[in-house]
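File shown here: start-v5.cif, holding mmCIF, C-alpha atoms.
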data_data
loop_
_atom_site.label_atom_id
_atom_site.label_comp_id
_atom_site.auth_asym_id
_atom_site.auth_seq_id
_atom_site.Cartn_x
_atom_site.Cartn_y
_atom_site.Cartn_z
CA MET N 1 -38.58 4.27 -27.07
CA THR N 2 -39.41 4.08 -23.36
CA ARG N 3 -40.94 0.65 -23.91
CA LEU N 4 -37.83 -0.46 -25.75
CA PHE N 5 -35.55 0.54 -22.85
CA ALA N 6 -37.89 -1.10 -20.36
CA ALA N 7 -37.89 -4.33 -22.38
CA LEU N 8 -34.12 -4.21 -22.67
CA ALA N 9 -33.75 -3.76 -18.92
CA ILE N 10 -36.02 -6.76 -18.27
CA MET N 11 -34.06 -8.89 -20.73
CA MET N 12 -30.73 -7.91 -19.19
CA SER N 13 -32.06 -8.67 -15.72
CA ALA N 14 -33.12 -12.14 -16.82
CA VAL N 15 -29.78 -12.91 -18.45
CA ALA N 16 -27.75 -11.50 -15.57
CA ALA N 17 -29.75 -13.60 -13.14
CA GLN N 18 -28.37 -16.73 -14.79
CA ALA N 19 -25.13 -17.48 -12.97
CA GLU N 20 -22.32 -19.01 -14.97
CA ASP N 21 -22.19 -22.81 -15.05
CA VAL N 22 -19.28 -23.27 -12.63
CA THR N 23 -18.02 -26.53 -11.12
CA THR N 24 -15.29 -26.67 -8.49
CA TYR N 25 -13.01 -29.42 -7.22
CA THR N 26 -10.05 -29.70 -4.86
CA LEU N 27 -7.34 -32.24 -5.66
CA ASP N 28 -5.74 -34.33 -2.92
CA ASN N 29 -2.61 -32.16 -3.06
CA GLY N 30 -4.66 -29.04 -2.29
CA MET N 31 -4.92 -27.62 -5.79
CA GLU N 32 -8.23 -25.92 -6.59
CA VAL N 33 -9.89 -26.59 -9.95
CA VAL N 34 -12.64 -24.38 -11.37
CA VAL N 35 -14.48 -25.28 -14.57
CA ILE N 36 -16.63 -22.70 -16.39
CA GLU N 37 -18.61 -24.53 -19.04
CA ASP N 38 -19.50 -22.63 -22.22
CA ASN N 39 -20.16 -24.79 -25.27
CA ARG N 40 -20.96 -22.07 -27.79
CA ALA N 41 -17.58 -22.36 -29.55
CA PRO N 42 -14.96 -25.16 -29.64
CA VAL N 43 -12.44 -23.05 -27.73
CA VAL N 44 -10.97 -23.38 -24.26
CA VAL N 45 -9.03 -21.03 -21.99
CA HIS N 46 -6.61 -22.77 -19.63
CA MET N 47 -5.38 -20.52 -16.81
CA LEU N 48 -3.13 -21.35 -13.90
CA TRP N 49 -3.20 -18.81 -11.07
CA TYR N 50 -0.64 -18.78 -8.27
CA LYS N 51 -1.65 -17.14 -5.01
CA VAL N 52 1.53 -15.10 -4.91
CA GLY N 53 2.27 -11.66 -6.30
CA SER N 54 4.65 -8.81 -5.74
CA ALA N 55 3.10 -7.99 -2.35
CA ASP N 56 4.21 -11.42 -1.12
CA GLU N 57 7.88 -10.89 -1.98
CA PRO N 58 10.55 -10.91 0.73
CA GLU N 59 12.12 -7.54 1.43
CA GLY N 60 15.13 -6.67 -0.68
CA VAL N 61 14.14 -8.65 -3.78
CA SER N 62 11.35 -6.49 -5.18
CA GLY N 63 10.35 -7.54 -8.68
CA ILE N 64 11.16 -11.22 -8.15
CA ALA N 65 7.53 -12.32 -8.77
CA HIS N 66 7.46 -10.55 -12.14
CA PHE N 67 11.00 -11.70 -12.94
CA LEU N 68 10.05 -15.33 -12.33
CA GLU N 69 7.02 -14.91 -14.58
CA HIS N 70 9.45 -14.09 -17.40
CA LEU N 71 11.73 -16.99 -16.51
CA MET N 72 8.84 -19.47 -16.60
CA PHE N 73 9.02 -19.30 -20.40
CA LYS N 74 12.54 -20.73 -20.34
CA GLY N 75 13.25 -24.45 -20.42
CA THR N 76 12.12 -27.39 -18.30
CA ASN N 77 13.32 -30.97 -18.07
CA GLU N 78 11.15 -31.70 -21.14
CA LEU N 79 10.91 -28.39 -23.04
CA ALA N 80 13.66 -26.26 -24.49
CA SER N 81 13.81 -22.54 -23.73
CA GLY N 82 10.98 -20.83 -25.61
CA GLU N 83 9.46 -24.11 -26.75
CA PHE N 84 6.34 -23.72 -24.58
CA SER N 85 5.03 -20.73 -26.54
CA SER N 86 6.18 -22.20 -29.84
CA VAL N 87 4.10 -25.33 -29.24
CA VAL N 88 1.05 -23.25 -28.30
CA ALA N 89 1.41 -21.19 -31.48
CA ALA N 90 1.96 -24.29 -33.62
CA ASN N 91 -1.36 -25.59 -32.32
CA GLY N 92 -3.16 -22.43 -33.34
CA GLY N 93 -3.33 -20.93 -29.87
CA SER N 94 -2.02 -17.95 -27.95
CA ASP N 95 -0.45 -17.69 -24.51
CA ASN N 96 0.85 -15.13 -22.08
CA ALA N 97 1.21 -14.36 -18.37
CA PHE N 98 0.84 -11.44 -15.97
CA THR N 99 1.84 -10.48 -12.46
CA SER N 100 -0.14 -8.37 -10.01
CA TYR N 101 0.26 -7.46 -6.36
CA ASP N 102 -1.79 -10.48 -5.30
CA TYR N 103 -1.28 -13.14 -7.97
CA THR N 104 0.69 -14.43 -10.93
CA ALA N 105 -1.24 -16.07 -13.78
CA TYR N 106 -0.38 -18.04 -16.92
CA PHE N 107 -2.88 -18.74 -19.68
CA GLN N 108 -3.39 -20.34 -23.06
CA ARG N 109 -6.33 -19.97 -25.42
CA VAL N 110 -6.57 -22.95 -27.79
CA ALA N 111 -8.99 -25.25 -29.56
CA ALA N 112 -10.83 -27.40 -27.05
CA ASP N 113 -9.16 -30.61 -28.25
CA ARG N 114 -5.74 -29.16 -27.30
CA LEU N 115 -6.58 -28.83 -23.60
CA GLU N 116 -4.70 -31.95 -22.56
CA LEU N 117 -1.52 -30.72 -24.25
CA MET N 118 -1.77 -27.42 -22.37
CA MET N 119 -2.19 -29.22 -19.03
CA GLN N 120 0.74 -31.47 -19.82
CA MET N 121 3.07 -28.55 -20.52
CA GLU N 122 1.82 -26.23 -17.76
CA SER N 123 2.00 -28.92 -15.09
CA ASN N 124 5.51 -29.74 -16.25
CA ARG N 125 6.80 -26.23 -15.70
CA MET N 126 5.09 -26.02 -12.30
CA ASN N 127 7.65 -28.44 -10.89
CA ASN N 128 10.44 -28.86 -13.45
CA LEU N 129 11.70 -25.42 -14.45
CA VAL N 130 15.39 -25.45 -15.39
CA LEU N 131 17.20 -22.12 -15.06
CA THR N 132 20.74 -21.27 -16.10
CA PRO N 133 22.87 -18.31 -14.97
CA GLU N 134 23.08 -17.12 -18.56
CA GLU N 135 19.29 -17.07 -19.01
CA VAL N 136 18.79 -15.31 -15.70
CA GLU N 137 21.31 -12.61 -16.59
CA SER N 138 19.81 -12.12 -20.04
CA GLU N 139 16.23 -11.92 -18.77
CA ARG N 140 17.24 -9.53 -15.99
CA GLY N 141 18.32 -7.17 -18.74
CA VAL N 142 14.89 -7.57 -20.34
CA ILE N 143 12.96 -6.59 -17.21
CA LEU N 144 15.30 -3.68 -16.53
CA GLU N 145 14.66 -2.40 -20.04
CA GLU N 146 10.93 -2.89 -19.44
CA ARG N 147 11.22 -0.70 -16.35
CA ASN N 148 13.18 1.89 -18.32
CA GLN N 149 10.52 2.08 -21.00
CA ARG N 150 7.43 2.00 -18.78
CA THR N 151 8.62 3.84 -15.69
CA GLU N 152 11.98 5.61 -15.88
CA ASN N 153 11.05 7.24 -19.19
CA SER N 154 7.66 8.42 -17.94
CA ALA N 155 7.30 11.31 -15.52
CA ASN N 156 3.71 10.27 -14.81
CA ALA N 157 4.72 6.70 -14.00
CA LEU N 158 7.46 7.86 -11.64
CA ALA N 159 5.02 10.22 -9.94
CA ARG N 160 2.44 7.42 -9.46
CA GLU N 161 5.17 5.25 -7.98
CA GLN N 162 6.05 7.91 -5.43
CA PHE N 163 2.44 8.61 -4.49
CA ARG N 164 1.70 4.92 -3.99
CA ALA N 165 4.80 4.50 -1.83
CA ALA N 166 3.57 7.39 0.30
CA LEU N 167 0.09 5.89 0.69
CA PHE N 168 1.35 2.40 1.55
CA GLN N 169 4.32 2.96 3.82
CA ASN N 170 4.25 -0.43 5.54
CA HIS N 171 2.27 -2.69 3.21
CA ARG N 172 3.98 -4.15 0.15
CA TYR N 173 1.40 -2.47 -2.07
CA GLY N 174 3.73 0.50 -1.80
CA VAL N 175 6.44 -1.36 -3.74
CA PRO N 176 6.06 -1.37 -7.56
CA ILE N 177 5.14 -4.70 -9.12
CA ILE N 178 8.07 -4.52 -11.50
CA GLY N 179 10.36 -3.73 -8.55
CA TRP N 180 12.66 -0.94 -7.47
CA LYS N 181 15.43 -0.57 -10.03
CA HIS N 182 18.33 -0.90 -7.59
CA GLU N 183 16.91 -4.19 -6.27
CA MET N 184 16.06 -5.52 -9.73
CA GLU N 185 19.69 -5.08 -10.71
CA GLN N 186 20.71 -7.54 -7.98
CA LEU N 187 18.20 -10.33 -8.69
CA ASP N 188 19.99 -13.60 -9.37
CA LEU N 189 19.36 -17.26 -10.08
CA GLN N 190 19.14 -18.20 -6.40
CA ASP N 191 16.49 -15.54 -5.74
CA ALA N 192 14.39 -16.90 -8.59
CA GLN N 193 14.91 -20.54 -7.64
CA ASP N 194 14.00 -19.93 -3.99
CA PHE N 195 10.81 -18.08 -4.93
CA TYR N 196 9.87 -20.77 -7.44
CA ASP N 197 10.54 -23.66 -5.08
CA LEU N 198 8.46 -22.15 -2.29
CA TYR N 199 5.44 -20.69 -4.07
CA TYR N 200 4.98 -22.63 -7.32
CA ALA N 201 3.18 -25.61 -5.87
CA PRO N 202 -0.26 -27.16 -6.39
CA ASN N 203 -1.50 -26.18 -2.92
CA ASN N 204 -0.78 -22.55 -3.84
CA ALA N 205 -2.46 -22.68 -7.26
CA ILE N 206 -5.90 -22.43 -8.81
CA LEU N 207 -6.63 -23.98 -12.19
CA ILE N 208 -9.35 -22.23 -14.18
CA VAL N 209 -10.62 -23.95 -17.34
CA ALA N 210 -13.30 -22.11 -19.29
CA GLY N 211 -14.98 -22.95 -22.58
CA ASP N 212 -16.14 -25.99 -24.49
CA VAL N 213 -15.38 -28.63 -21.87
CA GLN N 214 -17.09 -31.16 -19.61
CA PRO N 215 -16.29 -30.77 -15.88
CA ASP N 216 -15.66 -34.47 -15.26
CA GLU N 217 -13.22 -34.62 -18.19
CA VAL N 218 -11.36 -31.57 -16.89
CA LEU N 219 -11.14 -33.14 -13.45
CA ALA N 220 -9.73 -36.36 -14.90
CA LEU N 221 -7.04 -34.45 -16.79
CA ALA N 222 -6.24 -32.28 -13.77
CA GLU N 223 -5.78 -35.36 -11.59
CA GLN N 224 -3.58 -36.96 -14.24
CA TYR N 225 -1.26 -34.02 -14.76
CA TYR N 226 -1.48 -31.80 -11.69
CA GLY N 227 -2.65 -34.29 -9.08
CA VAL N 228 0.65 -36.19 -9.11
CA ILE N 229 2.67 -33.11 -8.08
CA PRO N 230 3.37 -33.11 -4.33
CA ALA N 231 2.16 -30.26 -2.15
CA GLU N 232 4.66 -27.79 -0.69
CA ASP N 233 4.72 -28.49 3.04
CA GLN N 234 6.71 -25.31 3.78
CA LEU N 235 4.24 -22.96 2.12
CA PRO N 236 3.95 -19.95 4.44
CA VAL N 237 0.69 -18.55 5.74
CA ARG N 238 -0.30 -15.59 3.59
CA GLU N 239 0.15 -12.75 6.07
CA ARG N 240 1.33 -9.30 5.07
CA PRO N 241 2.36 -6.29 7.14
CA GLN N 242 -0.60 -3.92 7.33
CA GLU N 243 -0.70 -0.14 7.38
CA PRO N 244 -0.60 1.52 10.82
CA PRO N 245 -3.20 4.25 11.42
CA GLN N 246 -2.47 7.27 9.24
CA ARG N 247 -2.94 10.35 11.41
CA ALA N 248 -2.17 13.19 9.01
CA GLU N 249 -2.60 13.92 5.33
CA ARG N 250 0.49 13.29 3.24
CA ARG N 251 1.33 15.68 0.43
CA ILE N 252 3.91 15.36 -2.34
CA THR N 253 4.93 17.72 -5.11
CA TYR N 254 6.63 15.80 -7.90
CA VAL N 255 8.74 18.00 -10.19
CA ASP N 256 9.91 16.71 -13.56
CA ALA N 257 10.78 18.82 -16.59
CA ARG N 258 9.10 16.23 -18.83
CA VAL N 259 5.64 17.01 -17.40
CA SER N 260 3.67 18.66 -20.21
CA GLN N 261 0.60 19.54 -18.17
CA PRO N 262 0.41 20.03 -14.39
CA TYR N 263 -2.23 17.99 -12.58
CA LEU N 264 -3.24 16.84 -9.13
CA VAL N 265 -4.25 13.47 -7.73
CA ARG N 266 -5.57 12.37 -4.38
CA SER N 267 -5.79 8.77 -3.19
CA TYR N 268 -7.55 7.45 -0.10
CA LEU N 269 -7.33 4.03 1.47
CA ALA N 270 -10.64 2.27 0.82
CA PRO N 271 -12.32 -1.08 1.59
CA GLU N 272 -11.79 -3.98 -0.77
CA ARG N 273 -14.22 -6.78 -1.60
CA ASP N 274 -14.19 -9.30 1.24
CA PRO N 275 -15.81 -12.75 1.41
CA GLY N 276 -19.45 -12.32 2.30
CA ALA N 277 -19.02 -8.55 2.73
CA GLN N 278 -19.03 -6.77 -0.63
CA THR N 279 -21.59 -4.00 -0.11
CA GLU N 280 -19.09 -1.24 0.68
CA ALA N 281 -17.02 -2.10 -2.38
CA ALA N 282 -20.14 -2.08 -4.55
CA ALA N 283 -21.14 1.32 -3.17
CA LEU N 284 -17.67 2.66 -4.02
CA VAL N 285 -18.18 1.59 -7.63
CA TYR N 286 -21.22 3.87 -7.73
CA LEU N 287 -19.38 6.64 -5.89
CA ALA N 288 -16.62 6.72 -8.49
CA GLU N 289 -19.16 6.93 -11.29
CA LEU N 290 -21.22 9.63 -9.57
CA LEU N 291 -18.24 11.84 -8.77
CA GLY N 292 -15.88 11.27 -11.66
CA GLY N 293 -17.26 8.98 -14.35
CA SER N 294 -18.45 10.59 -17.58
CA PRO N 295 -17.64 14.32 -17.67
CA PHE N 296 -21.18 14.91 -18.96
CA THR N 297 -22.93 13.30 -15.99
CA SER N 298 -20.48 13.19 -13.06
CA ALA N 299 -20.35 15.84 -10.34
CA LEU N 300 -16.72 16.78 -11.00
CA GLY N 301 -17.11 16.81 -14.76
CA GLN N 302 -20.22 18.96 -14.75
CA ALA N 303 -18.93 21.44 -12.17
CA LEU N 304 -15.29 21.80 -13.18
CA GLN N 305 -15.24 21.06 -16.89
CA PHE N 306 -18.52 22.61 -18.00
CA ASP N 307 -20.02 24.96 -15.42
CA THR N 308 -16.83 26.79 -14.37
CA GLN N 309 -14.28 25.54 -16.91
CA THR N 310 -11.82 25.13 -14.07
CA ALA N 311 -10.47 21.86 -15.47
CA ILE N 312 -9.95 20.15 -18.80
CA TYR N 313 -10.06 16.66 -17.26
CA THR N 314 -11.55 15.13 -14.12
CA ASN N 315 -11.79 11.57 -12.91
CA ALA N 316 -12.62 9.43 -9.90
CA SER N 317 -11.62 5.78 -9.83
CA TYR N 318 -11.97 2.72 -7.64
CA SER N 319 -10.93 -0.88 -8.11
CA ALA N 320 -12.51 -3.41 -5.77
CA SER N 321 -10.15 -6.28 -6.59
CA TRP N 322 -7.52 -6.42 -3.89
CA LEU N 323 -6.63 -8.89 -1.19
CA ASP N 324 -5.98 -6.04 1.25
CA ASP N 325 -6.89 -2.34 1.36
CA ALA N 326 -7.88 -0.81 -1.97
CA THR N 327 -7.70 2.84 -3.05
CA PHE N 328 -10.19 5.48 -4.16
CA SER N 329 -8.61 8.24 -6.23
CA PHE N 330 -9.34 11.60 -7.83
CA ALA N 331 -7.48 13.31 -10.65
CA VAL N 332 -7.89 16.87 -11.95
CA VAL N 333 -6.04 18.60 -14.79
CA PRO N 334 -6.61 22.37 -14.41
CA ALA N 335 -7.47 24.60 -17.35
CA ASP N 336 -4.98 27.21 -18.56
CA GLY N 337 -4.64 30.02 -16.05
CA VAL N 338 -5.98 27.91 -13.15
CA THR N 339 -3.47 27.07 -10.45
CA LEU N 340 -3.28 23.69 -8.76
CA SER N 341 -4.37 25.32 -5.49
CA GLU N 342 -7.48 26.69 -7.18
CA ALA N 343 -8.20 23.37 -8.88
CA GLU N 344 -7.84 21.47 -5.62
CA GLU N 345 -10.09 23.89 -3.79
CA ALA N 346 -12.71 23.53 -6.51
CA MET N 347 -12.46 19.74 -6.34
CA ASP N 348 -12.97 19.80 -2.57
CA GLU N 349 -15.99 22.07 -2.94
CA VAL N 350 -17.60 19.55 -5.31
CA ILE N 351 -16.91 16.70 -2.91
CA SER N 352 -18.38 18.67 -0.01
CA ALA N 353 -21.47 19.60 -2.02
CA PHE N 354 -21.95 15.97 -2.94
CA MET N 355 -21.74 14.89 0.69
CA GLU N 356 -24.25 17.53 1.75
CA GLY N 357 -26.71 17.07 -1.10
CA GLU N 358 -29.05 14.35 -2.31
CA ILE N 359 -28.13 11.75 -4.91
CA ASP N 360 -30.28 11.97 -8.04
CA PRO N 361 -32.41 8.78 -8.27
CA ALA N 362 -32.29 8.99 -12.07
CA ARG N 363 -28.48 8.86 -12.02
CA MET N 364 -28.62 5.87 -9.69
CA GLU N 365 -30.92 4.03 -12.06
CA SER N 366 -28.74 4.93 -15.03
CA ILE N 367 -25.65 3.51 -13.30
CA ARG N 368 -27.56 0.37 -12.33
CA THR N 369 -28.50 -0.15 -15.97
CA GLN N 370 -24.90 0.39 -17.13
CA LEU N 371 -23.59 -2.11 -14.59
CA ARG N 372 -26.31 -4.62 -15.45
CA ALA N 373 -25.41 -4.34 -19.13
CA SER N 374 -21.69 -4.75 -18.47
CA GLU N 375 -22.39 -7.94 -16.53
CA VAL N 376 -24.42 -9.31 -19.43
CA TYR N 377 -21.75 -8.45 -21.99
CA ALA N 378 -19.11 -10.09 -19.80
CA LEU N 379 -20.83 -13.45 -20.27
CA ASP N 380 -19.74 -13.41 -23.92
CA ASN N 381 -16.04 -13.28 -23.03
CA VAL N 382 -14.85 -16.69 -21.86
CA GLN N 383 -11.35 -15.47 -21.10
CA GLY N 384 -12.75 -12.51 -19.20
CA LEU N 385 -14.86 -14.86 -17.08
CA ALA N 386 -11.82 -17.03 -16.37
CA GLN N 387 -9.89 -13.94 -15.30
CA ARG N 388 -12.77 -12.74 -13.13
CA TYR N 389 -12.86 -15.98 -11.17
CA GLY N 390 -9.10 -16.41 -11.03
CA ALA N 391 -8.45 -12.92 -9.67
CA ALA N 392 -11.25 -13.22 -7.12
CA LEU N 393 -10.22 -16.62 -5.81
CA THR N 394 -6.58 -15.63 -5.43
CA GLN N 395 -7.76 -12.59 -3.44
CA SER N 396 -9.71 -14.64 -0.85
CA LEU N 397 -13.17 -14.42 -2.46
CA THR N 398 -15.27 -17.49 -3.29
CA VAL N 399 -17.23 -18.62 -6.32
CA ALA N 400 -20.38 -17.66 -4.41
CA ASP N 401 -18.97 -14.15 -3.87
CA VAL N 402 -18.25 -13.75 -7.58
CA GLN N 403 -21.74 -14.87 -8.54
CA ALA N 404 -23.36 -12.68 -5.88
CA TRP N 405 -21.52 -9.54 -7.05
CA PRO N 406 -23.94 -8.52 -9.85
CA ASP N 407 -26.93 -8.66 -7.49
CA ILE N 408 -25.02 -6.77 -4.81
CA LEU N 409 -24.25 -4.04 -7.34
CA GLN N 410 -27.93 -3.79 -8.17
CA SER N 411 -28.94 -3.52 -4.52
CA VAL N 412 -26.73 -0.52 -3.64
CA THR N 413 -28.67 2.39 -2.14
CA GLU N 414 -28.01 6.09 -1.78
CA GLU N 415 -27.51 5.50 1.95
CA ASP N 416 -24.84 2.87 1.24
CA ILE N 417 -22.96 5.34 -0.95
CA LYS N 418 -23.07 8.21 1.51
CA ALA N 419 -22.00 5.95 4.37
CA VAL N 420 -18.94 4.58 2.61
CA ALA N 421 -18.04 8.03 1.25
CA ALA N 422 -18.05 9.43 4.80
CA LYS N 423 -15.82 6.55 5.85
CA VAL N 424 -13.33 6.93 3.00
CA PHE N 425 -13.11 10.70 2.55
CA ASN N 426 -10.86 11.35 5.51
CA ARG N 427 -7.97 13.60 4.53
CA ASP N 428 -5.92 12.05 7.33
CA GLN N 429 -6.02 8.81 5.33
CA ALA N 430 -5.05 10.30 2.00
CA VAL N 431 -2.09 11.29 -0.13
CA THR N 432 -2.46 14.41 -2.27
CA GLY N 433 0.04 14.81 -5.07
CA TRP N 434 0.85 17.62 -7.44
CA VAL N 435 2.75 16.84 -10.64
CA VAL N 436 4.51 19.82 -12.23
CA SER N 437 7.33 20.60 -14.62
CA ASP N 438 8.87 23.24 -12.34
CA GLN N 439 8.29 24.82 -8.94
CA GLU N 440 6.59 27.84 -10.50
CA GLU N 441 3.61 25.62 -11.33
CA ALA N 442 3.36 24.35 -7.72
CA ARG N 443 1.03 27.04 -6.46
#

Write out the structure in this file as structure tokens.
Amino acid sequence: MTRLFAALAIMMSAVAAQAEDVTTYTLDNGMEVVVIEDNRAPVVVHMLWYKVGSADEPEGVSGIAHFLEHLMFKGTNELASGEFSSVVAANGGSDNAFTSYDYTAYFQRVAADRLELMMQMESNRMNNLVLTPEEVESERGVILEERNQRTENSANALAREQFRAALFQNHRYGVPIIGWKHEMEQLDLQDAQDFYDLYYAPNNAILIVAGDVQPDEVLALAEQYYGVIPAEDQLPVRERPQEPPQRAERRITYVDARVSQPYLVRSYLAPERDPGAQTEAAALVYLAELLGGSPFTSALGQALQFDTQTAIYTNASYSASWLDDATFSFAVVPADGVTLSEAEEAMDEVISAFMEGEIDPARMESIRTQLRASEVYALDNVQGLAQRYGAALTQSLTVADVQAWPDILQSVTEEDIKAVAAKVFNRDQAVTGWVVSDQEEAR
């Protein structure tokens, strides 16, 4: 069995060492084109990423990035409202879109011989969207209902929204992607048109094509359909207001009668992946796994869920993919009869013990193997690869950074982890939140 695991590790290392076959171009109008060649199946993923998300919105119109994403499925000068998706479906494909803090992306997954049709339609709606007051009003009702279902009707979602707003008081990461309800209610056609005219331009976009394609053929199609669209000469420099130094811990108790189980969360500001400087982010990936990954192997899970039965759930999480500051978070759901104060104290004791103790080399090797395996499995998902590159490139990283990431993950040391943990775990740079159904539970 030991030989089998050793052989598997060697095989995974060899596969992971093979970087994806990626070709990049830049069109004369400034549009970036990235081709990920994978000829194992006659399928292609066509993704158009705009380097604009909710954190780039002007003040007072929160939710406009997500709102415009919805409106992009309306009509153009060549397509009727809803026809885009109908054509994709009629050609055996699927399509969708999503908005984040740092980007907005549109994608289609189709047979490889339908790529030109996708480029033709997507390039058309980059510059020729036609909006009507009636469609804007109707779709505004749709996004408001989406907020009602996902946020207003969820005590946990409302709590997360408040905690994030407390952590990011100056940066737009503190504003929900879907928008504040009172501002969403005021979004109109002019807001959408202004946002579209300014940001939906080739010099603010990245085209990712992944699958059964030839790079030179993709380039020819991109030049034919996207290359003729003029650049936006008024595109603003991507600068956001940053957080001032936080000098004291922020604490919030969120009370909502719909809360079925009290719990606590704590979020710290943490480094993101930066071009040429990804080691701290990689170390934070390990830190989250060591402290709050599997309950059977993580420090919090073992101590609070098994050894003392203080909690019924523990977690630590970190996401490296941000243009600006990321977050590192803990969550603990106390067991019956355990107060939030007791649960928080127990959590802090585990964190302190981790900082003072040694990291088990066997756990480090286990995490390395898990990460190595996940990188290998990711190679089988063409759409996942397209999303990996699209998200990274819209968040200031390069193709070289993306391809270096697996090796950087493998090179993380115990010293790297302890150093970044000491940097991040500053209570003066954190928000601690308690979520309860009534004040009696806030103790």

Exercise. Near Gly60 in chain N, within 10 Å and counting only C-alpha atoms, which residues show up once chain neighbours fewer than 5 positions away are dropped, as a list in words?
Worked result: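 Residues meeting the cut-off are Gly179, Trp180, His182, Glu183, Met184, Gln186 and Leu187 of chain N.
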
For this session: Evaluate the PyMOL selection byres ((chain N and resi 194) around 12) and record the selected residues as a count of residues only, following the chain and residue labels used in the document.
Result: 22

Exercise. Pick the closest to Val52 in chain N from N:Asn77, N:Thr132, N:Gln395, N:Gln162: which is it, counting all atoms listed in the file?
Worked result: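 Closest to Val52 in chain N, using all atoms listed in the file: N:Gln395.
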
For this session: Might you pull out every residue within 7 Å of range 166-171 of chain N, with only C-alpha atoms counted and same-chain residues fewer than 4 positions away left off, and present them as a list in words?
Result: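 Using only C-alpha atoms, the neighbours found are Gln162, Arg240, Pro241, Gln242, Glu243, Ala430 and Val431 of chain N.
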
For this session: Could you give me, as a PyMOL selection string, the residues that sit within 12 Å of (-7.1, 28.6, -15.5) in the file's coordinates, counting all atoms listed in the file?
Result: chain N and resi 262+304-305+308-312+333-343+346+441

Problem set entry | Using only C-alpha atoms: which of N:Gln108, N:Ser267, N:Ser321, N:Asn426 has the shortest distance to Ala281 in chain N |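 That would be N:Ser321, the residue with the smallest distance to Ala281 in chain N.
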
Write out as a PDB file with C-alpha atoms, in the coordinates of the input which residues come within 8 Å of range 410-423 of chain N when counting all atoms listed in the file, dropping same-chain ones fewer than 4 positions away.
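For reference, selection01.pdb as written:
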ATOM      1  CA  THR N 279     -21.590  -4.000  -0.110  1.00  0.00           C
ATOM      2  CA  GLU N 280     -19.090  -1.240   0.680  1.00  0.00           C
ATOM      3  CA  ALA N 282     -20.140  -2.080  -4.550  1.00  0.00           C
ATOM      4  CA  ALA N 283     -21.140   1.320  -3.170  1.00  0.00           C
ATOM      5  CA  LEU N 284     -17.670   2.660  -4.020  1.00  0.00           C
ATOM      6  CA  TYR N 286     -21.220   3.870  -7.730  1.00  0.00           C
ATOM      7  CA  LEU N 287     -19.380   6.640  -5.890  1.00  0.00           C
ATOM      8  CA  MET N 355     -21.740  14.890   0.690  1.00  0.00           C
ATOM      9  CA  ILE N 359     -28.130  11.750  -4.910  1.00  0.00           C
ATOM     10  CA  MET N 364     -28.620   5.870  -9.690  1.00  0.00           C
ATOM     11  CA  ARG N 368     -27.560   0.370 -12.330  1.00  0.00           C
ATOM     12  CA  LEU N 371     -23.590  -2.110 -14.590  1.00  0.00           C
ATOM     13  CA  ARG N 372     -26.310  -4.620 -15.450  1.00  0.00           C
ATOM     14  CA  PRO N 406     -23.940  -8.520  -9.850  1.00  0.00           C
TER      15      PRO N 406
END

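Here the PyMOL selection byres ((chain N and resi 85) around 10) catches exactly these residues: Phe73, Lys74, Ser81, Gly82, Glu83, Phe84, Ser86, Val87, Val88, Ala89, Ala90, Asn91, Gly93, Ser94, Asp95, Asn96 and Gln108 of chain N.
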
Could you list the residues chosen by the PyMOL selection byres ((chain N and resi 37-42) around 12) in this structure as a compact mmCIF listing (two decimals) with C-alpha atoms, in the frame of the given file?
# COMPACT_ATOMS: atom_id res chain seq x y z
CA ALA N 19 -25.13 -17.48 -12.97
CA GLU N 20 -22.32 -19.01 -14.97
CA ASP N 21 -22.19 -22.81 -15.05
CA VAL N 22 -19.28 -23.27 -12.63
CA THR N 23 -18.02 -26.53 -11.12
CA THR N 24 -15.29 -26.67 -8.49
CA VAL N 34 -12.64 -24.38 -11.37
CA VAL N 35 -14.48 -25.28 -14.57
CA ILE N 36 -16.63 -22.70 -16.39
CA VAL N 43 -12.44 -23.05 -27.73
CA VAL N 44 -10.97 -23.38 -24.26
CA VAL N 45 -9.03 -21.03 -21.99
CA ARG N 109 -6.33 -19.97 -25.42
CA VAL N 110 -6.57 -22.95 -27.79
CA ALA N 111 -8.99 -25.25 -29.56
CA ALA N 112 -10.83 -27.40 -27.05
CA ASP N 113 -9.16 -30.61 -28.25
CA ARG N 114 -5.74 -29.16 -27.30
CA LEU N 115 -6.58 -28.83 -23.60
CA ILE N 208 -9.35 -22.23 -14.18
CA VAL N 209 -10.62 -23.95 -17.34
CA ALA N 210 -13.30 -22.11 -19.29
CA GLY N 211 -14.98 -22.95 -22.58
CA ASP N 212 -16.14 -25.99 -24.49
CA VAL N 213 -15.38 -28.63 -21.87
CA GLN N 214 -17.09 -31.16 -19.61
CA PRO N 215 -16.29 -30.77 -15.88
CA ASP N 216 -15.66 -34.47 -15.26
CA GLU N 217 -13.22 -34.62 -18.19
CA VAL N 218 -11.36 -31.57 -16.89
CA LEU N 379 -20.83 -13.45 -20.27
CA ASP N 380 -19.74 -13.41 -23.92
CA ASN N 381 -16.04 -13.28 -23.03
CA VAL N 382 -14.85 -16.69 -21.86
CA GLN N 383 -11.35 -15.47 -21.10
CA LEU N 385 -14.86 -14.86 -17.08
CA ALA N 386 -11.82 -17.03 -16.37

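For the pair CA of Ala288 in chain N and CA of Leu300 in chain N, the interatomic distance is 10.4 Å.
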
Problem set entry | One-decimal distance in Å that lies between CA of Ala400 in chain N and CA of Tyr226 in chain N |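 Separation of CA of Tyr226 in chain N and CA of Ala400 in chain N: 24.7 Å.
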